[in-house]
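Structure below is start.tsv: TSV, C-alpha atoms.
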```tsv
chain	number	residue	atom	x	y	z
D	1	MET	CA	1.23	-228.36	46.81
D	2	LYS	CA	-0.13	-227.72	50.29
D	3	LEU	CA	1.99	-224.59	50.77
D	4	ARG	CA	0.66	-221.84	48.51
D	5	HIS	CA	3.27	-219.12	49.10
D	6	ILE	CA	5.95	-217.87	51.37
D	7	THR	CA	5.41	-214.13	51.32
D	8	ILE	CA	8.40	-211.91	52.02
D	9	THR	CA	6.91	-208.57	53.00
D	10	GLY	CA	8.64	-205.22	52.87
D	11	ILE	CA	10.46	-204.57	49.59
D	12	ASP	CA	12.18	-201.25	50.24
D	13	GLN	CA	14.03	-198.60	48.27
D	14	LEU	CA	17.40	-200.36	48.70
D	15	THR	CA	16.23	-203.87	47.78
D	16	GLU	CA	18.24	-205.32	44.88
D	17	LEU	CA	15.55	-206.25	42.37
D	18	ASP	CA	17.89	-208.46	40.36
D	19	GLY	CA	18.39	-210.42	43.57
D	20	LEU	CA	14.63	-210.81	43.94
D	21	GLN	CA	14.44	-212.20	40.41
D	22	GLU	CA	17.12	-214.77	41.21
D	23	LEU	CA	15.21	-215.81	44.33
D	24	GLN	CA	11.96	-216.06	42.36
D	25	GLU	CA	13.56	-218.33	39.78
D	26	LYS	CA	14.98	-220.62	42.46
D	27	PHE	CA	11.90	-220.59	44.70
D	28	PRO	CA	8.82	-220.24	42.44
D	29	TRP	CA	6.43	-220.35	45.40
D	30	ALA	CA	7.98	-217.21	46.89
D	31	GLU	CA	5.89	-214.03	46.86
D	32	PHE	CA	7.07	-210.52	47.63
D	33	GLY	CA	4.86	-208.04	49.47
D	34	ILE	CA	4.96	-204.25	49.11
D	35	LEU	CA	3.67	-202.06	51.93
D	36	PHE	CA	1.51	-199.12	50.83
D	37	SER	CA	0.53	-196.14	52.95
D	38	LYS	CA	-0.97	-192.77	52.21
D	39	HIS	CA	1.85	-191.23	54.26
D	40	TRP	CA	4.65	-193.53	53.09
D	41	GLN	CA	7.23	-190.72	53.30
D	42	LYS	CA	6.89	-190.59	57.10
D	43	ASN	CA	6.63	-194.30	57.83
D	44	GLY	CA	10.24	-195.44	57.46
D	45	GLN	CA	12.11	-197.50	54.91
D	46	ARG	CA	9.63	-200.38	54.85
D	47	TYR	CA	7.40	-198.05	52.81
D	48	PRO	CA	9.06	-197.32	49.44
D	49	ASN	CA	8.11	-194.59	47.01
D	50	PRO	CA	5.61	-196.32	44.67
D	51	ALA	CA	6.38	-193.93	41.82
D	52	GLU	CA	10.02	-195.04	41.85
D	53	LEU	CA	9.67	-198.72	42.77
D	54	LEU	CA	6.77	-199.92	40.62
D	55	PRO	CA	8.24	-199.01	37.21
D	56	ASP	CA	11.41	-200.90	38.16
D	57	LEU	CA	9.34	-203.97	39.11
D	58	ALA	CA	7.35	-204.07	35.90
D	59	TYR	CA	7.98	-207.06	33.64
D	60	ARG	CA	10.37	-208.77	36.08
D	61	GLY	CA	7.98	-211.68	36.49
D	62	LEU	CA	7.80	-211.50	40.28
D	63	HIS	CA	4.87	-212.77	42.32
D	64	LEU	CA	3.79	-209.62	44.15
D	65	SER	CA	1.14	-208.76	46.70
D	66	ALA	CA	0.04	-205.30	47.84
D	67	HIS	CA	-0.30	-204.73	51.58
D	68	ILE	CA	-2.34	-201.61	52.35
D	69	CYS	CA	-1.77	-200.05	55.77
D	70	GLY	CA	-2.86	-197.26	58.07
D	71	SER	CA	-5.49	-194.68	57.28
D	72	MET	CA	-5.74	-195.80	53.66
D	73	ALA	CA	-6.76	-199.32	54.72
D	74	ARG	CA	-9.23	-197.95	57.27
D	75	GLU	CA	-10.80	-195.65	54.70
D	76	ILE	CA	-11.20	-198.51	52.23
D	77	VAL	CA	-13.06	-200.73	54.69
D	78	CYS	CA	-15.22	-197.88	55.97
D	79	THR	CA	-16.12	-196.26	52.64
D	80	ASN	CA	-15.53	-199.00	50.05
D	81	ILE	CA	-13.55	-196.44	48.04
D	82	TRP	CA	-10.22	-197.58	46.59
D	83	GLN	CA	-9.24	-194.38	44.80
D	84	PRO	CA	-6.24	-193.40	47.03
D	85	PHE	CA	-4.69	-196.84	46.51
D	86	ASN	CA	-5.44	-196.79	42.78
D	87	GLU	CA	-3.69	-193.43	42.56
D	88	LEU	CA	-0.57	-194.83	44.23
D	89	ILE	CA	-0.22	-197.78	41.88
D	90	LYS	CA	-1.55	-195.98	38.78
D	91	TYR	CA	-0.64	-197.98	35.65
D	92	TYR	CA	0.94	-200.88	37.54
D	93	ASN	CA	-2.11	-202.67	38.89
D	94	PHE	CA	-1.24	-205.64	36.64
D	95	LEU	CA	1.61	-206.43	39.04
D	96	PHE	CA	-0.72	-207.53	41.83
D	97	GLU	CA	-3.23	-210.37	42.08
D	98	ARG	CA	-3.40	-210.43	45.88
D	99	ILE	CA	-4.28	-207.40	48.01
D	100	GLN	CA	-4.02	-207.43	51.79
D	101	LEU	CA	-5.77	-204.94	54.07
D	102	ASN	CA	-3.85	-204.41	57.31
D	103	VAL	CA	-6.66	-203.22	59.53
D	104	ALA	CA	-8.43	-204.57	62.57
D	105	PRO	CA	-11.50	-206.56	61.44
D	106	MET	CA	-13.61	-204.84	64.08
D	107	SER	CA	-13.32	-201.74	61.88
D	108	PHE	CA	-15.61	-203.31	59.28
D	109	PRO	CA	-19.10	-201.79	59.56
D	110	GLY	CA	-22.03	-204.02	58.63
D	111	ILE	CA	-19.76	-206.70	57.30
D	112	GLN	CA	-22.39	-209.42	57.62
D	113	SER	CA	-24.68	-207.67	55.14
D	114	THR	CA	-22.38	-205.60	52.90
D	115	PRO	CA	-19.35	-207.40	51.47
D	116	LEU	CA	-16.33	-205.27	50.66
D	117	SER	CA	-15.82	-204.61	46.96
D	118	THR	CA	-12.38	-204.91	45.38
D	119	PRO	CA	-10.60	-203.61	42.27
D	120	SER	CA	-11.24	-205.65	39.14
D	121	PHE	CA	-7.65	-206.92	38.97
D	122	CYS	CA	-7.75	-208.35	42.50
D	123	LYS	CA	-7.95	-212.15	42.42
D	124	GLU	CA	-7.68	-212.58	46.18
D	125	LEU	CA	-8.47	-210.22	49.05
D	126	ILE	CA	-6.58	-210.87	52.29
D	127	ILE	CA	-7.82	-209.55	55.62
D	128	GLN	CA	-5.29	-209.34	58.43
D	129	GLN	CA	-6.73	-210.69	61.67
D	130	ARG	CA	-4.69	-209.96	64.79
D	131	SER	CA	-6.58	-212.13	67.25
D	132	THR	CA	-8.95	-215.09	67.23
D	133	MET	CA	-11.03	-213.06	69.69
D	134	GLU	CA	-11.83	-210.46	67.05
D	135	ILE	CA	-14.83	-210.62	64.73
D	136	ASP	CA	-14.23	-213.59	62.45
D	137	VAL	CA	-14.21	-211.80	59.12
D	138	TYR	CA	-13.55	-215.02	57.28
D	139	LYS	CA	-16.86	-216.54	58.35
D	140	ALA	CA	-18.68	-213.28	57.76
D	141	MET	CA	-17.44	-212.69	54.24
D	142	ASP	CA	-16.58	-216.01	52.67
D	143	ASN	CA	-20.18	-217.02	52.07
D	144	LYS	CA	-20.49	-213.99	49.79
D	145	ARG	CA	-16.99	-213.57	48.36
D	146	ASN	CA	-15.12	-216.75	47.58
D	147	TYR	CA	-11.83	-214.93	47.06
D	148	VAL	CA	-11.50	-213.72	50.67
D	149	SER	CA	-8.60	-215.11	52.71
D	150	ILE	CA	-7.45	-214.44	56.26
D	151	LEU	CA	-3.93	-213.76	57.49
D	152	LEU	CA	-3.76	-214.75	61.15
D	153	ASP	CA	-1.15	-212.30	62.38
D	154	GLN	CA	-0.72	-211.60	66.08
D	155	SER	CA	2.41	-209.59	65.36
D	156	GLY	CA	1.59	-207.01	62.69
D	157	GLY	CA	5.21	-206.85	61.51
D	158	ARG	CA	6.71	-206.52	65.01
D	159	GLY	CA	8.32	-209.96	65.19
D	160	GLN	CA	5.99	-211.38	67.86
D	161	ILE	CA	6.17	-215.18	67.78
D	162	LEU	CA	3.33	-217.03	66.05
D	163	ASP	CA	1.36	-219.12	68.54
D	164	LEU	CA	-0.54	-222.00	66.92
D	165	SER	CA	-1.38	-223.86	70.11
D	166	ASP	CA	-4.91	-222.53	70.61
D	167	ILE	CA	-5.99	-222.19	66.97
D	168	ASN	CA	-8.20	-224.66	65.14
D	169	LEU	CA	-6.49	-224.24	61.79
D	170	ASN	CA	-9.01	-226.34	59.90
D	171	GLN	CA	-11.76	-223.75	60.37
D	172	TYR	CA	-9.85	-221.48	57.97
D	173	ILE	CA	-10.06	-222.91	54.47
D	174	LYS	CA	-7.98	-220.09	52.96
D	175	ALA	CA	-5.51	-218.78	55.51
D	176	GLY	CA	-2.01	-217.49	56.01
D	177	TYR	CA	0.05	-217.32	59.17
D	178	ALA	CA	2.54	-214.69	60.35
D	179	GLY	CA	4.43	-213.64	63.45
D	180	GLY	CA	8.08	-213.92	64.40
D	181	ILE	CA	9.02	-216.27	61.54
D	182	ASN	CA	12.72	-216.20	60.68
D	183	PRO	CA	15.35	-218.39	58.96
D	184	ASP	CA	16.06	-220.32	62.15
D	185	ASN	CA	12.48	-221.31	63.02
D	186	VAL	CA	10.77	-221.47	59.62
D	187	ALA	CA	11.32	-225.22	59.26
D	188	ASP	CA	9.72	-225.95	62.64
D	189	ILE	CA	6.76	-223.64	61.97
D	190	LEU	CA	6.15	-225.08	58.51
D	191	MET	CA	6.19	-228.63	59.84
D	192	LYS	CA	3.66	-227.73	62.53
D	193	LEU	CA	1.41	-226.15	59.92
D	194	PHE	CA	1.70	-229.12	57.57
D	195	LYS	CA	0.65	-231.39	60.42
D	196	LYS	CA	-2.12	-229.21	61.88
D	197	THR	CA	-4.12	-228.12	58.83
D	198	ASN	CA	-5.74	-230.07	56.03
D	199	HIS	CA	-6.04	-226.97	53.84
D	200	PRO	CA	-3.57	-225.11	51.60
D	201	PHE	CA	-1.91	-222.21	53.44
D	202	TRP	CA	0.83	-219.60	53.18
D	203	ILE	CA	3.17	-217.90	55.62
D	204	ASP	CA	4.18	-214.25	55.72
D	205	VAL	CA	7.60	-213.08	56.91
D	206	GLU	CA	8.58	-209.48	57.56
D	207	SER	CA	10.80	-208.52	60.53
D	208	GLY	CA	12.61	-211.87	60.56
D	209	VAL	CA	14.42	-211.19	57.27
D	210	ARG	CA	15.49	-207.60	57.90
D	211	THR	CA	18.79	-206.05	59.01
D	212	ARG	CA	18.66	-202.51	60.40
D	213	ASP	CA	15.07	-202.59	59.15
D	214	TYR	CA	16.09	-203.11	55.51
D	215	LEU	CA	15.20	-206.27	53.61
D	216	ASP	CA	18.21	-208.59	53.81
D	217	LEU	CA	18.34	-210.89	50.79
D	218	GLU	CA	20.90	-213.18	52.45
D	219	LYS	CA	18.41	-213.81	55.25
D	220	VAL	CA	15.64	-214.28	52.70
D	221	TYR	CA	17.73	-216.85	50.84
D	222	LYS	CA	18.49	-218.73	54.06
D	223	LEU	CA	14.81	-218.72	55.05
D	224	LEU	CA	13.62	-219.96	51.65
D	225	THR	CA	16.35	-222.61	51.52
D	226	ASN	CA	15.41	-223.94	54.97
D	227	ALA	CA	11.76	-223.88	53.99
D	228	LYS	CA	12.41	-225.73	50.73
D	229	GLU	CA	13.97	-228.66	52.57
D	230	VAL	CA	10.79	-229.12	54.63
D	231	ILE	CA	8.53	-228.61	51.63
D	232	ASP	CA	10.42	-231.11	49.47
D	233	ASN	CA	10.48	-233.74	52.22
D	234	TRP	CA	6.77	-233.28	52.97
D	235	GLU	CA	5.72	-233.40	49.33
D	236	TYR	CA	7.89	-236.47	48.71
D	237	GLU	CA	6.46	-238.29	51.73
D	238	PHE	CA	2.80	-237.55	50.94
D	239	GLU	CA	2.71	-237.25	47.15
```
Let me see the structure of the file written as structure tokens.
Amino acid sequence: MKLRHITITGIDQLTELDGLQELQEKFPWAEFGILFSKHWQKNGQRYPNPAELLPDLAYRGLHLSAHICGSMAREIVCTNIWQPFNELIKYYNFLFERIQLNVAPMSFPGIQSTPLSTPSFCKELIIQQRSTMEIDVYKAMDNKRNYVSILLDQSGGRGQILDLSDINLNQYIKAGYAGGINPDNVADILMKLFKKTNHPFWIDVESGVRTRDYLDLEKVYKLLTNAKEVIDNWEYEFE
């Protein structure tokens, strides 16, 4: 399938985990992202308490990705030390195969010569890239680390609309796209991506499926349902 995942980012303390399981069973290509921060207590409800959330997620069979933010992400890319993140997730690293670093690529020192290491359980490292004008981390790292992917995200969780008009999508062999995606426009955005890139891709949705800044599972269901219609029609037409 050309679409790898639809990532729903921002599981919070009030998210009904049974509801997530029902969504996962109905939409097996859905992935759920958890935001991690060293100072999660001060960052609002999008940042849950890992010590409370992760045990409840264990053994539910969800596709999960870890999204590391703020000073923790900056420290990782500057020092290559993952200990603060490892402390947060402790015995639950088996839950995550994909790890995303939400940090400006220009923060990477010497990236051309010193690839970033990753924890042993990480199957795919995602680097958030806010602008095509930034250092192209994908080109810098992929020759050395074949598990590096890029999330092209002009929004950074703020709901800013994804603009695909000036991007050559086929230069990114392993890429995701984010920015202002919601239940009402997901079908249009997916169709544009199906038509514009020859490579597998994913999309990441955050603000567009929240109500009062909490994850809204009704909006998630609507988004995934609208997406499924496009996916099924595309796969049927080009299988």
May I ask for the distance between atom CA of Val148 of chain D and atom CA of Tyr92 of chain D, given in Å to one decimal place? 22.2 Å
Can you work out the spacing between atom CA of Leu88 of chain D and atom CA of Asn49 of chain D in Å, to one decimal?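 Straight-line distance from atom CA of Leu88 of chain D to atom CA of Asn49 of chain D works out to 9.1 Å.
Put simply, atom CA of Gln24 of chain D is 21.3 Å away from atom CA of Tyr47 of chain D.
The residue set within 7 Å of Gln100 of chain D, counting only C-alpha atoms and dropping same-chain residues fewer than 3 places from it, reads Ala66, His67, Ile68, Leu125, Ile126 and Ile127 of chain D.
Here the question is which of D:Gln21, D:Gln129, D:Ser37, D:Thr197 gets nearest to Leu151 of chain D using all atoms listed in the file, and that residue is D:Gln129.
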Would you mind telling me which residue in D:Ile173, D:Asp153, D:Ile8, D:Thr15 lies nearest to Gly208 of chain D when using only C-alpha atoms?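 Using only C-alpha atoms, the shortest distance to Gly208 of chain D belongs to D:Ile8.
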Kindly indicate which residue among D:Met1, D:Ile89, D:Leu101, D:Leu224 lies nearest to Ala51 of chain D, using only C-alpha atoms for the distances. D:Ile89
Residues near Phe96 of chain D, anyone? I mean within 9 Å using all atoms listed in the file, not counting same-chain ones fewer than 5 positions away, as a PDB file with C-alpha atoms, in the frame of the given file.
```pdb
ATOM      1  CA  HIS D  63       4.870-212.770  42.320  1.00  0.00           C
ATOM      2  CA  LEU D  64       3.790-209.620  44.150  1.00  0.00           C
ATOM      3  CA  SER D  65       1.140-208.760  46.700  1.00  0.00           C
ATOM      4  CA  ALA D  66       0.040-205.300  47.840  1.00  0.00           C
ATOM      5  CA  PHE D 121      -7.650-206.920  38.970  1.00  0.00           C
ATOM      6  CA  CYS D 122      -7.750-208.350  42.500  1.00  0.00           C
ATOM      7  CA  LYS D 123      -7.950-212.150  42.420  1.00  0.00           C
TER       8      LYS D 123
END
```
Given all atoms listed in the file as the counted atoms, nearest of D:Val205, D:Leu62, D:Leu57, D:Cys69 to Trp29 of chain D: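 Among D:Val205, D:Leu62, D:Leu57, D:Cys69, it is D:Leu62 that comes nearest to Trp29 of chain D.
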Regenerate segment 71-103 of chain D at the level of N, CA and C atoms and dump it as a short mmCIF file (atom, residue, chain, number, x, y, z; two decimals), in the coordinates of the input.
```
data_model
loop_
_atom_site.label_atom_id
_atom_site.label_comp_id
_atom_site.auth_asym_id
_atom_site.auth_seq_id
_atom_site.Cartn_x
_atom_site.Cartn_y
_atom_site.Cartn_z
N SER D 71 -4.23 -195.36 57.54
CA SER D 71 -5.49 -194.68 57.28
C SER D 71 -6.07 -195.06 55.93
N MET D 72 -5.22 -195.40 54.97
CA MET D 72 -5.74 -195.80 53.66
C MET D 72 -6.54 -197.09 53.77
N ALA D 73 -6.03 -198.07 54.53
CA ALA D 73 -6.76 -199.32 54.72
C ALA D 73 -8.06 -199.08 55.47
N ARG D 74 -8.01 -198.23 56.49
CA ARG D 74 -9.23 -197.95 57.27
C ARG D 74 -10.29 -197.26 56.41
N GLU D 75 -9.86 -196.34 55.56
CA GLU D 75 -10.80 -195.65 54.70
C GLU D 75 -11.44 -196.60 53.70
N ILE D 76 -10.66 -197.55 53.19
CA ILE D 76 -11.20 -198.51 52.23
C ILE D 76 -12.31 -199.34 52.87
N VAL D 77 -12.06 -199.86 54.08
CA VAL D 77 -13.06 -200.73 54.69
C VAL D 77 -14.27 -199.96 55.19
N CYS D 78 -14.10 -198.67 55.47
CA CYS D 78 -15.22 -197.88 55.97
C CYS D 78 -16.05 -197.25 54.86
N THR D 79 -15.42 -196.97 53.71
CA THR D 79 -16.12 -196.26 52.64
C THR D 79 -16.28 -197.08 51.36
N ASN D 80 -15.52 -198.20 51.26
CA ASN D 80 -15.53 -199.00 50.05
C ASN D 80 -14.97 -198.25 48.84
N ILE D 81 -14.14 -197.25 49.11
CA ILE D 81 -13.55 -196.44 48.04
C ILE D 81 -12.06 -196.74 47.97
N TRP D 82 -11.60 -197.17 46.79
CA TRP D 82 -10.22 -197.58 46.59
C TRP D 82 -9.36 -196.54 45.88
N GLN D 83 -9.92 -195.35 45.63
CA GLN D 83 -9.24 -194.38 44.80
C GLN D 83 -7.84 -194.00 45.29
N PRO D 84 -7.61 -193.76 46.60
CA PRO D 84 -6.24 -193.40 47.03
C PRO D 84 -5.22 -194.48 46.70
N PHE D 85 -5.60 -195.75 46.85
CA PHE D 85 -4.69 -196.84 46.51
C PHE D 85 -4.47 -196.90 45.00
N ASN D 86 -5.56 -196.76 44.24
CA ASN D 86 -5.44 -196.79 42.78
C ASN D 86 -4.52 -195.67 42.27
N GLU D 87 -4.56 -194.54 42.96
CA GLU D 87 -3.69 -193.43 42.56
C GLU D 87 -2.22 -193.77 42.81
N LEU D 88 -1.95 -194.47 43.91
CA LEU D 88 -0.57 -194.83 44.23
C LEU D 88 0.02 -195.79 43.21
N ILE D 89 -0.78 -196.77 42.78
CA ILE D 89 -0.22 -197.78 41.88
C ILE D 89 -0.40 -197.43 40.41
N LYS D 90 -1.31 -196.51 40.12
CA LYS D 90 -1.55 -195.98 38.78
C LYS D 90 -1.59 -197.07 37.71
N TYR D 91 -0.59 -197.08 36.81
CA TYR D 91 -0.64 -197.98 35.65
C TYR D 91 -0.05 -199.36 35.94
N TYR D 92 0.23 -199.65 37.21
CA TYR D 92 0.94 -200.88 37.54
C TYR D 92 0.08 -201.87 38.32
N ASN D 93 -1.23 -201.74 38.16
CA ASN D 93 -2.11 -202.67 38.89
C ASN D 93 -1.94 -204.11 38.40
N PHE D 94 -1.42 -204.29 37.17
CA PHE D 94 -1.24 -205.64 36.64
C PHE D 94 -0.20 -206.43 37.43
N LEU D 95 0.59 -205.75 38.26
CA LEU D 95 1.61 -206.43 39.04
C LEU D 95 1.03 -207.26 40.18
N PHE D 96 -0.19 -206.94 40.61
CA PHE D 96 -0.72 -207.53 41.83
C PHE D 96 -1.98 -208.35 41.56
N GLU D 97 -2.00 -209.57 42.07
CA GLU D 97 -3.23 -210.37 42.08
C GLU D 97 -3.81 -210.44 43.48
N ARG D 98 -2.95 -210.34 44.49
CA ARG D 98 -3.40 -210.43 45.88
C ARG D 98 -3.25 -209.07 46.55
N ILE D 99 -4.31 -208.65 47.26
CA ILE D 99 -4.28 -207.40 48.01
C ILE D 99 -4.62 -207.72 49.46
N GLN D 100 -3.80 -207.21 50.36
CA GLN D 100 -4.02 -207.43 51.79
C GLN D 100 -4.36 -206.11 52.46
N LEU D 101 -5.39 -206.11 53.29
CA LEU D 101 -5.77 -204.94 54.07
C LEU D 101 -5.31 -205.15 55.51
N ASN D 102 -4.37 -204.32 55.95
CA ASN D 102 -3.85 -204.41 57.31
C ASN D 102 -4.66 -203.48 58.21
N VAL D 103 -5.76 -204.01 58.68
CA VAL D 103 -6.66 -203.22 59.53
C VAL D 103 -7.43 -204.17 60.42
#
```
